[in-house]
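Structure data follow from protein-v8.txt (compact mmCIF, C-alpha atoms):
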```
# COMPACT_ATOMS: atom_id res chain seq x y z
CA MET A 1 114.43 91.32 103.80
CA ALA A 2 110.96 90.25 104.96
CA ILE A 3 111.81 86.56 104.44
CA PHE A 4 115.10 87.00 106.32
CA SER A 5 113.26 88.68 109.21
CA VAL A 6 110.79 85.79 109.48
CA VAL A 7 113.57 83.19 109.34
CA PHE A 8 115.60 85.04 111.98
CA LYS A 9 112.60 85.30 114.31
CA LEU A 10 111.93 81.59 113.90
CA TYR A 11 115.58 80.97 114.74
CA CYS A 12 115.25 83.11 117.88
CA LEU A 13 112.07 81.27 118.86
CA THR A 14 113.78 77.89 118.41
CA VAL A 15 116.79 78.93 120.48
CA MET A 16 114.68 80.26 123.37
CA THR A 17 112.53 77.12 123.40
CA LEU A 18 115.41 74.66 123.25
CA VAL A 19 117.41 76.46 125.93
CA ALA A 20 114.47 76.57 128.36
CA ALA A 21 113.39 72.96 127.80
CA THR A 22 116.87 71.40 127.59
CA TYR A 23 118.13 73.17 130.72
CA THR A 24 115.15 71.95 132.76
CA ILE A 25 115.39 68.35 131.51
CA ALA A 26 119.19 68.16 131.88
CA LEU A 27 119.14 69.64 135.39
CA ARG A 28 116.37 67.23 136.41
CA TYR A 29 118.39 64.33 135.01
CA THR A 30 121.51 65.24 136.99
CA ARG A 31 119.52 65.57 140.24
CA THR A 32 117.68 62.24 140.00
CA ILE A 33 120.52 59.84 139.19
CA THR A 34 120.76 57.21 141.93
CA THR A 35 124.42 57.64 142.81
CA GLN A 36 126.38 58.58 145.90
CA ASP A 37 128.58 60.91 143.84
CA MET A 38 125.99 63.71 143.69
CA TYR A 39 127.57 67.05 142.89
CA PHE A 40 127.08 70.15 145.04
CA SER A 41 124.50 72.42 143.43
CA THR A 42 125.95 75.49 145.19
CA THR A 43 129.26 75.04 143.33
CA ALA A 44 127.42 74.75 140.01
CA VAL A 45 125.66 78.07 140.68
CA CYS A 46 129.00 79.69 141.56
CA ILE A 47 130.74 78.40 138.41
CA THR A 48 127.84 79.69 136.33
CA GLU A 49 128.42 83.20 137.71
CA VAL A 50 132.15 82.98 136.88
CA ILE A 51 131.45 81.93 133.28
CA LYS A 52 128.88 84.71 132.87
CA LEU A 53 131.44 87.23 134.16
CA VAL A 54 134.08 86.07 131.66
CA LEU A 55 131.58 86.16 128.78
CA SER A 56 130.36 89.63 129.77
CA ILE A 57 133.94 90.94 129.82
CA GLY A 58 134.38 89.48 126.33
CA MET A 59 131.21 91.20 125.11
CA LEU A 60 132.31 94.50 126.68
CA ALA A 61 135.69 94.15 124.93
CA LYS A 62 133.86 93.75 121.62
CA GLU A 63 131.65 96.75 122.40
CA THR A 64 134.53 99.08 123.39
CA GLY A 65 136.68 98.02 120.44
CA SER A 66 140.13 98.29 122.01
CA PRO A 67 141.99 96.99 125.10
CA SER A 68 142.64 100.54 126.38
CA ARG A 69 138.94 101.47 126.25
CA LEU A 70 138.05 98.17 127.91
CA LYS A 71 140.54 98.85 130.71
CA SER A 72 139.26 102.39 131.29
CA ALA A 73 135.63 101.20 131.28
CA ILE A 74 136.35 98.49 133.86
CA VAL A 75 138.45 100.78 136.08
CA GLU A 76 136.10 103.78 135.99
CA GLN A 77 132.70 102.10 136.00
CA ILE A 78 133.45 99.05 138.14
CA PHE A 79 136.43 99.43 140.49
CA PHE A 80 135.90 103.16 141.08
CA SER A 81 132.11 102.83 141.41
CA PRO A 82 131.47 101.06 144.74
CA LYS A 83 127.96 102.52 144.98
CA GLU A 84 127.02 100.93 141.66
CA LEU A 85 128.47 97.60 142.76
CA LEU A 86 126.43 97.82 145.95
CA LYS A 87 123.33 98.69 143.94
CA LEU A 88 123.78 95.62 141.72
CA SER A 89 124.46 93.36 144.70
CA VAL A 90 120.70 93.38 145.38
CA PRO A 91 119.72 91.42 142.23
CA SER A 92 122.88 89.32 142.68
CA ILE A 93 121.64 88.05 146.04
CA VAL A 94 118.14 87.47 144.70
CA TYR A 95 119.35 85.67 141.56
CA ALA A 96 121.68 83.48 143.67
CA ILE A 97 118.68 82.41 145.77
CA GLN A 98 116.61 81.82 142.63
CA ASN A 99 119.27 79.62 140.97
CA ASN A 100 119.75 77.52 144.09
CA MET A 101 115.97 77.12 144.43
CA ALA A 102 115.83 75.82 140.84
CA PHE A 103 118.16 72.97 141.81
CA LEU A 104 116.10 72.22 144.92
CA ALA A 105 112.83 72.33 142.96
CA LEU A 106 114.04 70.02 140.19
CA SER A 107 115.31 67.59 142.83
CA ASN A 108 111.70 67.21 144.03
CA LEU A 109 109.48 67.97 141.01
CA ASP A 110 109.28 66.51 137.54
CA ALA A 111 110.67 68.73 134.78
CA ALA A 112 107.25 69.21 133.15
CA VAL A 113 105.56 70.07 136.46
CA TYR A 114 108.39 72.50 137.22
CA GLN A 115 108.17 74.09 133.76
CA VAL A 116 104.44 74.72 134.14
CA THR A 117 104.66 75.96 137.74
CA TYR A 118 107.60 78.25 136.95
CA GLN A 119 105.34 80.25 134.62
CA LEU A 120 104.04 81.91 137.81
CA LYS A 121 106.95 84.25 137.17
CA ILE A 122 104.67 86.05 134.68
CA PRO A 123 102.10 87.33 137.23
CA CYS A 124 104.89 87.95 139.75
CA THR A 125 106.82 90.06 137.23
CA ALA A 126 103.59 91.81 136.24
CA LEU A 127 102.89 92.83 139.85
CA CYS A 128 106.47 94.04 140.29
CA THR A 129 106.22 96.20 137.16
CA VAL A 130 102.96 97.69 138.43
CA PHE A 131 104.42 98.62 141.83
CA MET A 132 108.06 99.33 140.91
CA LEU A 133 107.80 100.82 137.40
CA ASN A 134 104.27 102.30 137.67
CA ARG A 135 103.02 100.41 134.64
CA SER A 136 99.46 99.24 134.10
CA LEU A 137 97.97 95.96 132.95
CA SER A 138 95.01 95.60 130.62
CA ARG A 139 91.88 93.69 131.64
CA LEU A 140 92.91 90.84 129.35
CA GLN A 141 96.30 90.63 131.05
CA TRP A 142 94.72 90.52 134.51
CA PHE A 143 92.35 87.81 133.25
CA SER A 144 95.28 85.80 131.87
CA VAL A 145 97.14 86.17 135.19
CA PHE A 146 94.24 84.61 137.10
CA MET A 147 93.87 81.93 134.41
CA LEU A 148 97.56 81.07 134.73
CA CYS A 149 97.28 80.79 138.52
CA GLY A 150 94.28 78.48 138.04
CA GLY A 151 96.25 76.31 135.62
CA VAL A 152 99.19 76.00 138.02
CA THR A 153 96.75 75.11 140.83
CA LEU A 154 95.40 72.23 138.72
CA VAL A 155 98.92 70.99 137.97
CA GLN A 156 99.90 71.11 141.64
CA TRP A 157 96.57 69.71 142.90
CA LYS A 158 97.82 66.19 142.31
CA PRO A 159 101.33 66.38 140.81
CA ALA A 160 102.06 63.88 138.06
CA GLU A 161 104.41 61.11 139.16
CA ALA A 162 107.50 59.83 137.38
CA THR A 163 107.80 56.04 137.58
CA LYS A 164 111.45 55.82 136.49
CA VAL A 165 112.78 58.15 139.20
CA GLN A 166 114.07 56.17 142.19
CA VAL A 167 115.34 58.97 144.43
CA GLU A 168 113.26 60.26 147.32
CA GLN A 169 111.23 63.37 146.47
CA ASN A 170 109.02 65.82 148.32
CA PRO A 171 106.60 67.65 145.97
CA PHE A 172 105.67 70.18 148.67
CA ILE A 173 109.30 71.23 149.13
CA GLY A 174 109.60 71.39 145.33
CA PHE A 175 106.59 73.70 145.07
CA ILE A 176 107.88 75.98 147.85
CA ALA A 177 111.26 76.14 146.06
CA VAL A 178 109.55 77.10 142.78
CA ALA A 179 107.45 79.73 144.58
CA ILE A 180 110.60 81.32 146.05
CA ALA A 181 112.36 81.15 142.66
CA VAL A 182 109.37 82.82 140.99
CA LEU A 183 109.30 85.66 143.52
CA CYS A 184 113.05 86.16 143.10
CA SER A 185 112.79 86.10 139.30
CA GLY A 186 110.02 88.71 139.22
CA PHE A 187 111.65 91.12 141.65
CA ALA A 188 115.24 90.80 140.36
CA GLY A 189 114.22 91.14 136.70
CA VAL A 190 112.22 94.32 137.29
CA TYR A 191 114.86 95.76 139.64
CA PHE A 192 117.59 95.16 137.04
CA GLU A 193 115.43 96.74 134.33
CA LYS A 194 114.91 99.80 136.52
CA VAL A 195 118.67 100.12 137.11
CA LEU A 196 119.38 99.78 133.37
CA LYS A 197 116.89 102.50 132.45
CA SER A 198 118.10 104.88 135.17
CA SER A 199 121.36 105.60 133.31
CA ASP A 200 123.11 105.15 129.95
CA THR A 201 125.61 102.64 131.36
CA SER A 202 126.32 99.69 129.06
CA LEU A 203 124.35 96.48 129.63
CA TRP A 204 127.62 94.53 129.79
CA VAL A 205 129.07 96.86 132.44
CA ARG A 206 125.93 96.30 134.52
CA ASN A 207 126.25 92.55 133.99
CA ILE A 208 129.89 92.60 135.13
CA GLN A 209 128.93 94.58 138.24
CA MET A 210 126.17 92.07 139.00
CA TYR A 211 128.27 88.95 138.35
CA LEU A 212 131.16 90.21 140.49
CA SER A 213 128.77 90.52 143.41
CA GLY A 214 127.20 87.21 142.40
CA ILE A 215 130.50 85.32 142.62
CA VAL A 216 131.14 86.61 146.15
CA ILE A 217 127.59 85.81 147.25
CA THR A 218 127.56 82.30 145.75
CA LEU A 219 130.98 81.53 147.29
CA ILE A 220 129.52 82.48 150.67
CA GLY A 221 126.63 80.14 149.87
CA VAL A 222 129.06 77.29 149.08
CA TYR A 223 130.88 77.84 152.38
CA MET A 224 127.71 78.07 154.49
CA THR A 225 125.85 75.15 152.86
CA ASP A 226 128.48 72.65 151.73
CA GLY A 227 131.73 74.05 153.16
CA ASP A 228 132.90 70.94 155.06
CA LYS A 229 131.91 68.55 152.26
CA VAL A 230 133.63 70.68 149.60
CA LEU A 231 136.85 70.78 151.66
CA GLU A 232 136.68 67.02 152.09
CA LYS A 233 135.69 65.92 148.58
CA GLY A 234 136.68 68.86 146.39
CA PHE A 235 134.91 71.73 144.62
CA PHE A 236 134.20 69.70 141.47
CA PHE A 237 133.17 66.49 143.21
CA GLY A 238 130.51 64.55 141.29
CA TYR A 239 130.87 66.57 138.09
CA THR A 240 130.01 64.63 134.93
CA PRO A 241 129.61 65.75 131.31
CA TRP A 242 125.88 66.19 132.01
CA VAL A 243 126.59 68.49 134.96
CA CYS A 244 128.99 70.53 132.82
CA PHE A 245 126.26 70.73 130.16
CA VAL A 246 123.82 72.11 132.75
CA VAL A 247 126.36 74.76 133.81
CA PHE A 248 126.96 75.59 130.15
CA LEU A 249 123.24 76.05 129.49
CA ALA A 250 122.74 78.13 132.63
CA SER A 251 125.56 80.52 131.71
CA VAL A 252 125.98 80.68 127.93
CA GLY A 253 122.33 79.86 127.20
CA GLY A 254 121.05 82.48 129.62
CA LEU A 255 123.22 85.26 128.20
CA TYR A 256 122.49 84.24 124.61
CA THR A 257 118.76 84.23 125.24
CA SER A 258 118.95 87.70 126.85
CA ILE A 259 120.52 88.99 123.63
CA VAL A 260 118.00 87.23 121.40
CA VAL A 261 115.00 88.41 123.44
CA LYS A 262 115.31 92.00 122.14
CA TYR A 263 114.55 90.76 118.61
CA THR A 264 111.32 89.06 119.67
CA ASP A 265 107.94 90.22 120.91
CA ASN A 266 105.72 89.04 123.75
CA ILE A 267 103.69 86.73 121.51
CA MET A 268 106.82 84.89 120.42
CA LYS A 269 107.96 84.62 124.03
CA GLY A 270 104.59 83.13 124.86
CA PHE A 271 104.85 80.56 122.08
CA SER A 272 108.38 79.75 123.25
CA ALA A 273 107.22 79.14 126.84
CA ALA A 274 104.31 76.98 125.66
CA ALA A 275 106.57 74.98 123.34
CA ALA A 276 109.08 74.49 126.18
CA ILE A 277 106.28 73.07 128.35
CA ILE A 278 105.30 70.62 125.59
CA LEU A 279 108.92 69.55 124.97
CA SER A 280 109.55 69.11 128.70
CA THR A 281 106.40 67.00 129.02
CA VAL A 282 107.33 64.73 126.10
CA ALA A 283 110.90 64.35 127.39
CA SER A 284 109.65 63.61 130.92
CA VAL A 285 107.36 60.86 129.63
CA ILE A 286 110.24 59.26 127.71
CA LEU A 287 113.11 59.74 130.19
CA PHE A 288 111.42 59.71 133.58
CA GLY A 289 108.21 57.77 132.94
CA LEU A 290 105.95 60.71 133.74
CA GLN A 291 102.31 59.68 134.02
CA ILE A 292 100.08 62.37 132.49
CA THR A 293 96.92 63.02 134.50
CA VAL A 294 93.77 64.88 133.47
CA THR A 295 94.47 67.66 135.98
CA PHE A 296 98.04 68.08 134.70
CA ALA A 297 96.95 68.19 131.04
CA SER A 298 94.11 70.65 131.82
CA GLY A 299 96.36 72.88 133.93
CA ALA A 300 99.17 72.89 131.35
CA LEU A 301 96.68 73.83 128.61
CA LEU A 302 95.32 76.71 130.72
CA VAL A 303 98.85 77.96 131.37
CA CYS A 304 99.76 77.86 127.65
CA VAL A 305 96.59 79.77 126.69
CA SER A 306 97.10 82.34 129.46
CA ILE A 307 100.70 82.97 128.36
CA TYR A 308 99.48 83.65 124.82
CA LEU A 309 96.71 85.99 126.03
CA TYR A 310 99.09 87.87 128.30
CA GLY A 311 101.48 88.54 125.41
CA LEU A 312 98.83 90.00 123.10
CA PRO A 313 99.47 93.70 122.38
CA LYS A 314 97.32 96.19 124.26
CA GLN A 315 94.58 97.89 122.26
CA ASP A 316 95.33 101.54 121.60
CA THR A 317 92.16 103.27 122.77
CA SER A 318 93.54 106.75 122.19
CA LYS A 319 92.67 106.52 118.49
CA LEU A 320 89.18 105.21 119.09
CA THR A 321 86.27 107.65 119.21
CA ARG A 322 82.68 107.08 120.16
CA PRO A 323 80.03 107.28 117.39
CA ASP A 324 78.17 109.96 119.39
CA ALA A 325 81.29 112.07 119.48
CA ASP A 326 81.71 111.70 115.70
CA ARG A 327 78.12 112.83 115.05
CA GLU A 328 78.54 115.75 117.44
CA GLN A 329 81.70 116.82 115.65
CA LYS A 330 79.98 116.60 112.24
CA SER A 331 77.00 118.67 113.43
CA LYS A 332 79.39 121.37 114.67
CA LEU A 333 81.05 121.51 111.29
CA ILE A 334 77.68 121.75 109.50
CA SER A 335 76.50 124.55 111.77
CA VAL A 336 79.66 126.49 111.06
```
Let's see the structure in the file written out as structure tokens.
Amino acid sequence: MAIFSVVFKLYCLTVMTLVAATYTIALRYTRTITTQDMYFSTTAVCITEVIKLVLSIGMLAKETGSPSRLKSAIVEQIFFSPKELLKLSVPSIVYAIQNNMAFLALSNLDAAVYQVTYQLKIPCTALCTVFMLNRSLSRLQWFSVFMLCGGVTLVQWKPAEATKVQVEQNPFIGFIAVAIAVLCSGFAGVYFEKVLKSSDTSLWVRNIQMYLSGIVITLIGVYMTDGDKVLEKGFFFGYTPWVCFVVFLASVGGLYTSIVVKYTDNIMKGFSAAAAIILSTVASVILFGLQITVTFASGALLVCVSIYLYGLPKQDTSKLTRPDADREQKSKLISV
């Protein structure tokens, strides 16, 4: 059993790493091809929400065990629960913004630079948990947060350039897009966790509620951003196998990783994030001609170390006693 547990955890670690790295590289590739047939990123975000909804309904069907139970769960907890739908529309809006910002960021930043900078989601999530869930951070975690911010500052100080990318890019716009995505990720993740823990409602019911709102919101985004172009060229204009692969990773990969995450701890998540940074960097050098600079390498190293430090378990001080207290206790026992 112990060997099986280790193998399974290694499998989970590999899946999380490959999903994170491959999604970033593939999305970057589809946004930097010099072609006039560029797909609309807003439609990709919308399709992702639809696929997630279908998959969540499938998982709920497996959880309920019968079509009648599935029907009653959907009717009672979704269609007859408008307040819950409204509650879950908040993270839907925020996640829609985050996903669109990821496309904008990877249109202007190299995949490796994006991967490192996106780790700012850790301190953002930490601050949200402190204020929204009343949790506390250890001194080591606060130290790692500042270290991570310092590492990202080094990476962004003079962003590494990719020589094989011919499209026009604006690193400042890319950084602003990542910053918005990070803020959205931190807030939406903690908000969704708070909603989950506030009741015994199934995770898949909550996902369905969120994705239903997400589809409506992303469709509004398609209409407002690319409405005329979509009507003229079609919803799936510019879609290639690579674009479909990106949508697949964003939907199936995201849901799969959320299931796998519960079998892993913070240290493994940290190793996964660090490994994804390394894989993204290697792939960027090969595919996009990324030129590694001293500031990028130093910043990426700081970020990897800070992620590891942040994931270390907190020391349980409740079981620790001071030597003076021990001697005082012993003297009391002797006197008795």
Contact check, range 173-255 of chain A to range 110-123 of chain A, at most 9 Å, counting all atoms listed in the file, closest pairs as JSON lines:
```
{"residue": "A:Gly174", "atom": "CA", "partner": "A:Tyr114", "partner_atom": "CA", "distance": 8.3}
{"residue": "A:Phe175", "atom": "CA", "partner": "A:Thr117", "partner_atom": "CA", "distance": 7.9}
{"residue": "A:Val178", "atom": "CA", "partner": "A:Tyr118", "partner_atom": "CA", "distance": 6.3}
{"residue": "A:Ala179", "atom": "CA", "partner": "A:Tyr118", "partner_atom": "CA", "distance": 7.8}
{"residue": "A:Ala181", "atom": "CA", "partner": "A:Tyr118", "partner_atom": "CA", "distance": 8.0}
{"residue": "A:Val182", "atom": "CA", "partner": "A:Lys121", "partner_atom": "CA", "distance": 4.7}
{"residue": "A:Leu183", "atom": "CA", "partner": "A:Lys121", "partner_atom": "CA", "distance": 6.9}
{"residue": "A:Cys184", "atom": "CA", "partner": "A:Lys121", "partner_atom": "CA", "distance": 8.7}
{"residue": "A:Ser185", "atom": "CA", "partner": "A:Lys121", "partner_atom": "CA", "distance": 6.5}
{"residue": "A:Gly186", "atom": "CA", "partner": "A:Lys121", "partner_atom": "CA", "distance": 5.8}
```
Checklist line | Non-local contacts of Ile33 in chain A (12 Å; all atoms listed in the file; under 6 positions in same chain excluded) as a count of residues only | finding: 15
Notebook entry, point to check: So what do you get for CA of Arg31 in chain A versus CA of Tyr223 in chain A, distance-wise?
Noted result: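 A separation of 20.7 Å between them.
You will find CA of Ala275 in chain A at 15.8 Å from CA of Phe296 in chain A.
Each of A:Ile217, A:Val195, A:Leu249, A:Cys304 was checked against Ala20 in chain A using all atoms listed in the file; the smallest atom-to-atom distance is that of A:Leu249.
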Next item on the list: Excluding Gln209 in chain A and residues on its chain fewer than 6 positions from it, collect all residues at most 12 Å away from it, counting all atoms listed in the file, and give them as a PyMOL selection string.
Entry: chain A and resi 49+52-54+56-57+73-92+192+195-196+201-203+215-216
Next item on the list: Go ahead and compute the interatomic distance for CA of Phe237 in chain A and CA of Gly253 in chain A, in Å to one decimal.
Entry: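 If I compute the distance from CA of Phe237 in chain A to CA of Gly253 in chain A, I get 23.5 Å.
By only C-alpha atoms, and with residues fewer than 3 positions from Phe235 in chain A along its chain excluded, the set lying at most 10 Å from it is Tyr39, Phe40, Thr42, Thr43, Ala44, Val222, Asp226, Gly227, Lys229, Val230, Leu231, Glu232, Gly238 and Tyr239 of chain A.
Using all atoms listed in the file, the smallest distance between any of A:Val305, A:Met132, A:Ile176, A:Val285 and Gln156 in chain A comes from A:Ile176.
Proximity ranking of A:Ala273, A:Leu10, A:Ile180, A:Ala250 relative to Val94 in chain A places A:Ile180 first, based on all atoms listed in the file.
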